[in-house]
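Here is start-v2.cif, consisting of mmCIF, C-alpha atoms (C1' of nucleotides):
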```
data_entry
#
loop_
_atom_site.label_atom_id
_atom_site.label_comp_id
_atom_site.auth_asym_id
_atom_site.auth_seq_id
_atom_site.Cartn_x
_atom_site.Cartn_y
_atom_site.Cartn_z
CA MET E 12 -30.30 -26.58 21.32
CA THR E 13 -30.94 -23.06 20.12
CA LEU E 14 -32.05 -22.79 16.51
CA ALA E 15 -30.42 -20.23 14.26
CA ASN E 16 -33.79 -19.05 13.04
CA LYS E 17 -35.10 -17.85 16.42
CA VAL E 18 -33.19 -14.66 17.01
CA ILE E 19 -33.33 -10.94 17.68
CA VAL E 20 -31.67 -8.93 14.89
CA LEU E 21 -30.68 -5.53 16.23
CA ASP E 22 -29.02 -2.29 15.20
CA PHE E 23 -27.93 0.80 17.14
CA GLU E 24 -27.56 4.37 15.98
CA THR E 25 -25.13 6.16 18.28
CA THR E 26 -23.41 9.48 18.93
CA GLY E 27 -20.11 7.98 17.73
CA LEU E 28 -17.99 4.87 17.52
CA SER E 29 -17.04 4.02 21.08
CA PRO E 30 -18.72 3.90 24.49
CA ASN E 31 -15.20 4.19 25.90
CA ASN E 32 -15.13 7.67 24.38
CA ALA E 33 -18.38 8.63 26.16
CA ASP E 34 -20.52 7.82 23.11
CA ARG E 35 -24.10 6.77 23.78
CA ALA E 36 -26.90 5.10 21.85
CA ILE E 37 -29.51 7.38 20.26
CA GLU E 38 -31.74 4.75 18.63
CA ILE E 39 -32.32 1.01 18.93
CA GLY E 40 -34.12 -1.00 16.26
CA ALA E 41 -34.70 -4.73 16.29
CA VAL E 42 -36.83 -7.45 14.81
CA LYS E 43 -37.79 -10.78 16.34
CA LEU E 44 -37.25 -13.56 13.82
CA ILE E 45 -38.81 -17.01 14.21
CA ASP E 46 -38.54 -19.58 11.42
CA GLY E 47 -37.56 -16.85 8.98
CA GLU E 48 -40.59 -14.69 9.77
CA ILE E 49 -40.50 -11.28 11.41
CA VAL E 50 -43.01 -11.73 14.24
CA ASP E 51 -42.31 -8.54 16.21
CA SER E 52 -40.27 -5.35 16.05
CA PHE E 53 -38.88 -2.66 18.34
CA GLN E 54 -37.74 0.85 17.52
CA GLU E 55 -37.20 3.79 19.83
CA LEU E 56 -35.16 6.95 19.85
CA MET E 57 -33.44 7.75 23.14
CA ASN E 58 -32.06 10.92 24.64
CA PRO E 59 -28.31 10.50 25.27
CA GLY E 60 -28.15 13.54 27.54
CA ARG E 61 -25.89 15.42 25.18
CA SER E 62 -26.13 16.87 21.69
CA VAL E 63 -25.05 14.91 18.63
CA ASN E 64 -22.75 16.45 16.05
CA SER E 65 -23.71 17.42 12.52
CA PHE E 66 -22.10 14.33 11.03
CA ILE E 67 -24.44 12.07 13.02
CA GLU E 68 -27.46 14.26 12.21
CA ASN E 69 -26.66 14.03 8.51
CA TYR E 70 -25.66 10.36 8.59
CA THR E 71 -28.76 9.14 10.40
CA GLY E 72 -31.32 11.88 9.83
CA ILE E 73 -31.82 11.89 13.61
CA THR E 74 -31.72 15.48 14.85
CA ASN E 75 -31.08 16.98 18.26
CA ALA E 76 -34.66 18.25 18.21
CA MET E 77 -35.92 14.68 17.80
CA LEU E 78 -33.73 13.41 20.63
CA LYS E 79 -34.79 16.17 22.98
CA GLU E 80 -38.32 14.73 22.90
CA ALA E 81 -37.18 11.14 23.46
CA ASP E 82 -37.08 9.10 26.66
CA SER E 83 -33.75 8.54 28.38
CA CYS E 84 -31.41 5.77 27.31
CA GLU E 85 -32.07 4.04 30.62
CA ALA E 86 -35.85 4.01 30.12
CA VAL E 87 -35.67 2.78 26.52
CA MET E 88 -33.04 0.14 27.16
CA THR E 89 -35.01 -1.24 30.09
CA ARG E 90 -37.95 -1.75 27.71
CA PHE E 91 -35.58 -3.29 25.16
CA ALA E 92 -34.33 -5.76 27.76
CA ASN E 93 -37.89 -7.03 28.11
CA PHE E 94 -38.19 -7.30 24.31
CA ILE E 95 -35.12 -9.46 23.74
CA GLU E 96 -35.85 -11.90 26.60
CA ASP E 97 -33.34 -14.75 26.34
CA PHE E 98 -33.12 -14.79 22.54
CA ASN E 99 -29.82 -15.05 20.74
CA LEU E 100 -28.74 -11.88 18.98
CA VAL E 101 -27.60 -11.03 15.46
CA ALA E 102 -26.09 -7.81 14.13
CA HIS E 103 -24.03 -6.65 11.18
CA ASN E 104 -20.55 -6.09 12.62
CA ALA E 105 -21.81 -7.42 15.92
CA SER E 106 -18.75 -6.32 17.88
CA PHE E 107 -19.94 -2.73 17.44
CA ASP E 108 -23.54 -3.34 18.57
CA LYS E 109 -22.44 -5.67 21.37
CA LYS E 110 -20.20 -3.06 22.97
CA PHE E 111 -23.04 -0.51 22.92
CA LEU E 112 -25.57 -3.04 24.24
CA ASP E 113 -23.17 -3.96 27.04
CA ALA E 114 -22.51 -0.29 27.86
CA GLU E 115 -26.17 0.79 27.79
CA PHE E 116 -27.31 -2.22 29.81
CA GLU E 117 -24.65 -1.40 32.39
CA HIS E 118 -26.06 2.12 32.64
CA CYS E 119 -29.56 0.79 33.38
CA GLN E 120 -28.45 -2.37 35.24
CA GLN E 121 -30.01 -4.77 32.77
CA GLN E 122 -28.61 -8.08 31.52
CA TYR E 123 -29.07 -10.42 28.61
CA SER E 124 -28.31 -14.10 28.32
CA GLY E 125 -28.27 -14.68 24.54
CA GLN E 126 -25.19 -15.18 22.41
CA PHE E 127 -24.19 -12.94 19.50
CA ALA E 128 -23.66 -13.92 15.88
CA CYS E 129 -22.31 -11.54 13.24
CA SER E 130 -23.68 -11.35 9.70
CA LEU E 131 -20.54 -9.48 8.60
CA LEU E 132 -18.15 -12.23 9.74
CA LEU E 133 -20.42 -14.85 8.19
CA SER E 134 -20.61 -12.92 4.92
CA ARG E 135 -16.83 -12.72 4.64
CA ARG E 136 -16.79 -16.52 4.73
CA ILE E 137 -19.79 -17.65 2.72
CA SER E 138 -20.09 -14.73 0.23
CA GLN E 139 -16.44 -14.30 -0.66
CA ASP E 140 -17.32 -13.03 -4.15
CA ALA E 141 -19.24 -10.00 -2.84
CA PRO E 142 -17.60 -6.67 -3.80
CA ASN E 143 -17.44 -5.77 -0.11
CA HIS E 144 -19.35 -6.64 3.03
CA LYS E 145 -21.05 -3.37 3.92
CA LEU E 146 -24.72 -3.94 4.74
CA GLY E 147 -25.94 -1.76 1.87
CA THR E 148 -23.71 -3.53 -0.64
CA LEU E 149 -24.86 -6.97 0.50
CA VAL E 150 -28.53 -5.97 0.28
CA GLU E 151 -27.94 -4.98 -3.35
CA TYR E 152 -25.63 -7.93 -4.11
CA HIS E 153 -28.14 -10.50 -2.84
CA GLN E 154 -31.14 -8.49 -4.13
CA LEU E 155 -32.74 -8.40 -0.70
CA PRO E 156 -35.90 -6.46 0.16
CA ASN E 157 -35.45 -2.90 1.34
CA ASP E 158 -37.40 0.34 1.48
CA GLY E 159 -34.51 2.60 0.51
CA VAL E 160 -33.95 3.79 4.09
CA PHE E 161 -30.42 3.33 5.42
CA HIS E 162 -28.76 4.27 8.73
CA ARG E 163 -31.96 4.17 10.74
CA ALA E 164 -32.07 1.44 13.34
CA LEU E 165 -35.21 -0.49 12.41
CA ALA E 166 -34.53 -0.23 8.66
CA ASP E 167 -30.99 -1.55 9.10
CA ALA E 168 -32.12 -4.27 11.52
CA THR E 169 -34.79 -5.38 9.05
CA MET E 170 -32.30 -5.51 6.16
CA THR E 171 -29.90 -7.44 8.38
CA ALA E 172 -32.72 -9.89 9.15
CA HIS E 173 -33.27 -10.45 5.41
CA LEU E 174 -29.52 -10.93 5.00
CA TRP E 175 -29.49 -13.41 7.89
CA ASN E 176 -32.35 -15.39 6.36
CA HIS E 177 -30.53 -15.43 3.03
CA GLN E 178 -27.33 -16.61 4.69
CA LEU E 179 -29.21 -19.46 6.39
CA GLN E 180 -30.61 -20.47 3.01
CA LEU E 181 -27.14 -20.43 1.42
CA LEU E 182 -25.81 -22.63 4.20
CA GLN E 183 -28.78 -25.00 4.02
CA GLN E 184 -28.20 -25.39 0.26
CA GLN E 185 -24.58 -26.35 0.92
CA LEU E 186 -25.48 -28.57 3.87
CA PRO E 187 -28.87 -30.03 2.92
CA HIS E 188 -28.81 -32.73 5.59
CA LYS E 189 -27.38 -30.63 8.40
CA ALA E 190 -29.26 -28.62 11.02
CA ILE E 191 -28.09 -25.02 10.67
CA THR E 192 -27.75 -24.06 14.32
CA PHE E 193 -26.61 -20.83 15.89
CA GLU E 194 -23.59 -22.66 17.26
CA LEU E 195 -22.67 -24.03 13.82
CA ILE E 196 -22.85 -20.55 12.32
CA ASN E 197 -20.50 -19.19 14.96
CA GLN E 198 -18.13 -22.09 14.31
CA ILE E 199 -18.12 -21.23 10.60
CA SER E 200 -17.66 -17.54 11.41
CA LYS E 201 -14.52 -18.27 13.42
CA ARG E 202 -12.83 -20.34 10.69
CA PRO E 203 -10.08 -18.74 8.60
CA LYS E 204 -11.64 -17.75 5.29
CA ALA E 205 -9.39 -20.03 3.28
CA GLN E 206 -10.52 -23.05 5.33
CA VAL E 207 -14.28 -22.46 5.16
CA SER E 208 -14.89 -24.40 1.96
CA GLY E 209 -13.08 -27.47 3.26
CA TYR E 210 -14.77 -27.17 6.63
CA LEU E 211 -18.24 -27.11 5.07
CA GLN E 212 -17.39 -30.16 2.98
CA SER E 213 -16.26 -31.99 6.11
CA LEU E 214 -19.61 -31.53 7.86
"C1'" DT X 27 -0.08 17.84 27.32
"C1'" DG X 28 -1.62 14.91 24.10
"C1'" DC X 29 -4.08 11.29 23.15
"C1'" DC X 30 -8.80 10.01 21.26
"C1'" DA X 31 -12.38 2.71 18.83
"C1'" DG X 32 -11.53 -1.71 18.30
"C1'" DG X 33 -12.05 -6.36 16.54
"C1'" DC X 34 -11.22 -8.83 12.41
"C1'" DC X 35 -8.24 -10.27 8.71
"C1'" DC X 36 -4.66 -10.18 5.20
"C1'" DT X 37 0.26 -10.03 4.17
"C1'" DC X 38 5.50 -7.53 1.73
"C1'" DT X 39 3.48 -11.18 9.26
"C1'" DT X 40 4.19 -13.15 14.05
"C1'" DT X 41 9.72 -8.13 17.18
"C1'" DA X 42 3.85 -4.99 12.27
"C1'" DG X 43 1.10 -2.35 9.48
"C1'" DG X 44 -2.96 -1.20 7.27
"C1'" DG X 45 -7.68 -1.86 5.24
"C1'" DC X 46 -12.40 -3.18 6.40
"C1'" DC X 47 -16.72 -2.46 9.00
"C1'" DT X 48 -19.83 -0.30 12.49
"C1'" DT X 49 -21.73 5.43 14.10
#
```

Can you turn what I pasted into structure tokens?
Amino acid sequence: MTLANKVIVLDFETTGLSPNNADRAIEIGAVKLIDGEIVDSFQELMNPGRSVNSFIENYTGITNAMLKEADSCEAVMTRFANFIEDFNLVAHNASFDKKFLDAEFEHCQQQYSGQFACSLLLSRRISQDAPNHKLGTLVEYHQLPNDGVFHRALADATMTAHLWNHQLQLLQQQLPHKAITFELINQISKRPKAQVSGYLQSL
DNA sequence: TGCCAGGCCCTCTTTAGGGCCTT
């Protein structure tokens, strides 16, 4: 059984919203989390082979000049494949990061075997009183550690890791005699919001 | 030529529409 607290938490910065629209990754950041401790990290810029627009430069602080000096997406993502091994994967709005991971790994013919969990879907279910479920809002709402940097890959991945740890603690408080597994979290994340409370009580 | 993300989730729903989240 795979424990929920042995995961890779990752975040992409990209040229846009969709690989289907020829968007590419420009930065990958990730932390390796074991038993709630960050034991390793990964962050690299990558050259997408095209220029990014001014919105992305302003949003991320990653400039075309920075990307021009970076290794190719294929080179960086091949190194990232070695970093994640067979760990399960966590991201905030994981559907976004998963589609870029799938697309970039296809470009460099890499594969991964872990499953994804999504801190956004989990938050919508176990933190229903939060004002919204943006990563920055949740960091403030839960008073999680941060260094004031947002929209850079390692900073966002690290904040997501703190959020993930906090979410595991919230679940463990509600289910003190239950092992909080990755599979259980994905079961909770698939439940209709209105049924989550009853589902947790049934466990 | 004209289009341009897409999965999730709620509701004034399911023969649909729109807001939320990610860059």

Selection dump of the PyMOL selection byres ((chain E) within 6 of (chain X)), as a ChimeraX atom specification:
/E:25,27-29,104,107

Correct to one decimal, the distance CA of Asn69 (chain E)-CA of Asp167 (chain E) is 16.2 Å

Go through E:His177, E:Lys201, E:Lys189, E:Arg136 and flag the residue nearest Val150 (chain E), using only C-alpha atoms for the distances.
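Closest to Val150 (chain E), using only C-alpha atoms: E:His177.
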
Written as a PyMOL selection string, what is the full residue list that the PyMOL selection byres ((chain E and resi 44) around 8) yields on the file shown?
chain E and resi 16-20+42-43+45-51+172

Can you tell me, as a list of chain:residue names, what residues are no more than 10 Å from region 80-93 of chain E when counting all atoms listed in the file, ignoring any on the same chain fewer than 5 positions away?
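Counting only the stated atoms, we get E:Arg35, E:Ala36, E:Ile37, E:Glu38, E:Ile39, E:Gly40, E:Ala41, E:Phe53, E:Gln54, E:Glu55, E:Leu56, E:Met57, E:Asn58, E:Pro59, E:Gly60, E:Asn75, E:Leu112, E:Glu115, E:Phe116, E:Glu117, E:His118, E:Cys119, E:Gln120, E:Gln121, E:Gln122, E:Tyr123.
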
Requested write-out: C-alpha atoms of the selected residues, as an mmCIF file, in the coordinates of the input:
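Output file selection.cif follows:
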```cif
data_model
loop_
_atom_site.group_PDB
_atom_site.id
_atom_site.type_symbol
_atom_site.label_atom_id
_atom_site.label_comp_id
_atom_site.auth_asym_id
_atom_site.auth_seq_id
_atom_site.Cartn_x
_atom_site.Cartn_y
_atom_site.Cartn_z
ATOM 1 C CA ARG E 35 -24.100 6.770 23.780
ATOM 2 C CA ALA E 36 -26.900 5.100 21.850
ATOM 3 C CA ILE E 37 -29.510 7.380 20.260
ATOM 4 C CA GLU E 38 -31.740 4.750 18.630
ATOM 5 C CA ILE E 39 -32.320 1.010 18.930
ATOM 6 C CA GLY E 40 -34.120 -1.000 16.260
ATOM 7 C CA ALA E 41 -34.700 -4.730 16.290
ATOM 8 C CA PHE E 53 -38.880 -2.660 18.340
ATOM 9 C CA GLN E 54 -37.740 0.850 17.520
ATOM 10 C CA GLU E 55 -37.200 3.790 19.830
ATOM 11 C CA LEU E 56 -35.160 6.950 19.850
ATOM 12 C CA MET E 57 -33.440 7.750 23.140
ATOM 13 C CA ASN E 58 -32.060 10.920 24.640
ATOM 14 C CA PRO E 59 -28.310 10.500 25.270
ATOM 15 C CA GLY E 60 -28.150 13.540 27.540
ATOM 16 C CA ASN E 75 -31.080 16.980 18.260
ATOM 17 C CA LEU E 112 -25.570 -3.040 24.240
ATOM 18 C CA GLU E 115 -26.170 0.790 27.790
ATOM 19 C CA PHE E 116 -27.310 -2.220 29.810
ATOM 20 C CA GLU E 117 -24.650 -1.400 32.390
ATOM 21 C CA HIS E 118 -26.060 2.120 32.640
ATOM 22 C CA CYS E 119 -29.560 0.790 33.380
ATOM 23 C CA GLN E 120 -28.450 -2.370 35.240
ATOM 24 C CA GLN E 121 -30.010 -4.770 32.770
ATOM 25 C CA GLN E 122 -28.610 -8.080 31.520
ATOM 26 C CA TYR E 123 -29.070 -10.420 28.610
#
```

Could you tell me how far CA of Cys129 (chain E) sits from CA of His103 (chain E), in Å to one decimal place?
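According to the coordinates, CA of His103 (chain E) and CA of Cys129 (chain E) are separated by 5.6 Å.
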
Can you translate the PyMOL selection byres ((chain E and resi 214) around 12) into the concrete residues it hits in this file, as a PyMOL selection string?
chain E and resi 182-183+185-191+195+198-199+207-213

Please save C-alpha atoms of the selected residues as an mmCIF file, in the coordinates of the input.
```
data_model
loop_
_atom_site.group_PDB
_atom_site.id
_atom_site.type_symbol
_atom_site.label_atom_id
_atom_site.label_comp_id
_atom_site.auth_asym_id
_atom_site.auth_seq_id
_atom_site.Cartn_x
_atom_site.Cartn_y
_atom_site.Cartn_z
ATOM 1 C CA LEU E 182 -25.810 -22.630 4.200
ATOM 2 C CA GLN E 183 -28.780 -25.000 4.020
ATOM 3 C CA GLN E 185 -24.580 -26.350 0.920
ATOM 4 C CA LEU E 186 -25.480 -28.570 3.870
ATOM 5 C CA PRO E 187 -28.870 -30.030 2.920
ATOM 6 C CA HIS E 188 -28.810 -32.730 5.590
ATOM 7 C CA LYS E 189 -27.380 -30.630 8.400
ATOM 8 C CA ALA E 190 -29.260 -28.620 11.020
ATOM 9 C CA ILE E 191 -28.090 -25.020 10.670
ATOM 10 C CA LEU E 195 -22.670 -24.030 13.820
ATOM 11 C CA GLN E 198 -18.130 -22.090 14.310
ATOM 12 C CA ILE E 199 -18.120 -21.230 10.600
ATOM 13 C CA VAL E 207 -14.280 -22.460 5.160
ATOM 14 C CA SER E 208 -14.890 -24.400 1.960
ATOM 15 C CA GLY E 209 -13.080 -27.470 3.260
ATOM 16 C CA TYR E 210 -14.770 -27.170 6.630
ATOM 17 C CA LEU E 211 -18.240 -27.110 5.070
ATOM 18 C CA GLN E 212 -17.390 -30.160 2.980
ATOM 19 C CA SER E 213 -16.260 -31.990 6.110
#
```

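Rounded to one decimal, CA of Ala141 (chain E) and CA of Thr71 (chain E) lie 25.1 Å from each other.
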
Counting all atoms listed in the file, the residue among E:Ser134, E:Ser65, E:Ala114, E:Ala128 that lies closest to Asn197 (chain E) is E:Ala128

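In terms of minimum interatomic distance to Ser124 (chain E), E:Asn99 ranks closest within E:Ser62, E:Thr171, E:Asn99, E:Thr148, counting all atoms listed in the file.
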
For Leu155 (chain E), which residue among E:Ile137, E:Leu174, E:Ala168, E:Lys79 is the nearest when counting only C-alpha atoms?
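Closest residue, counting only C-alpha atoms: E:Leu174.
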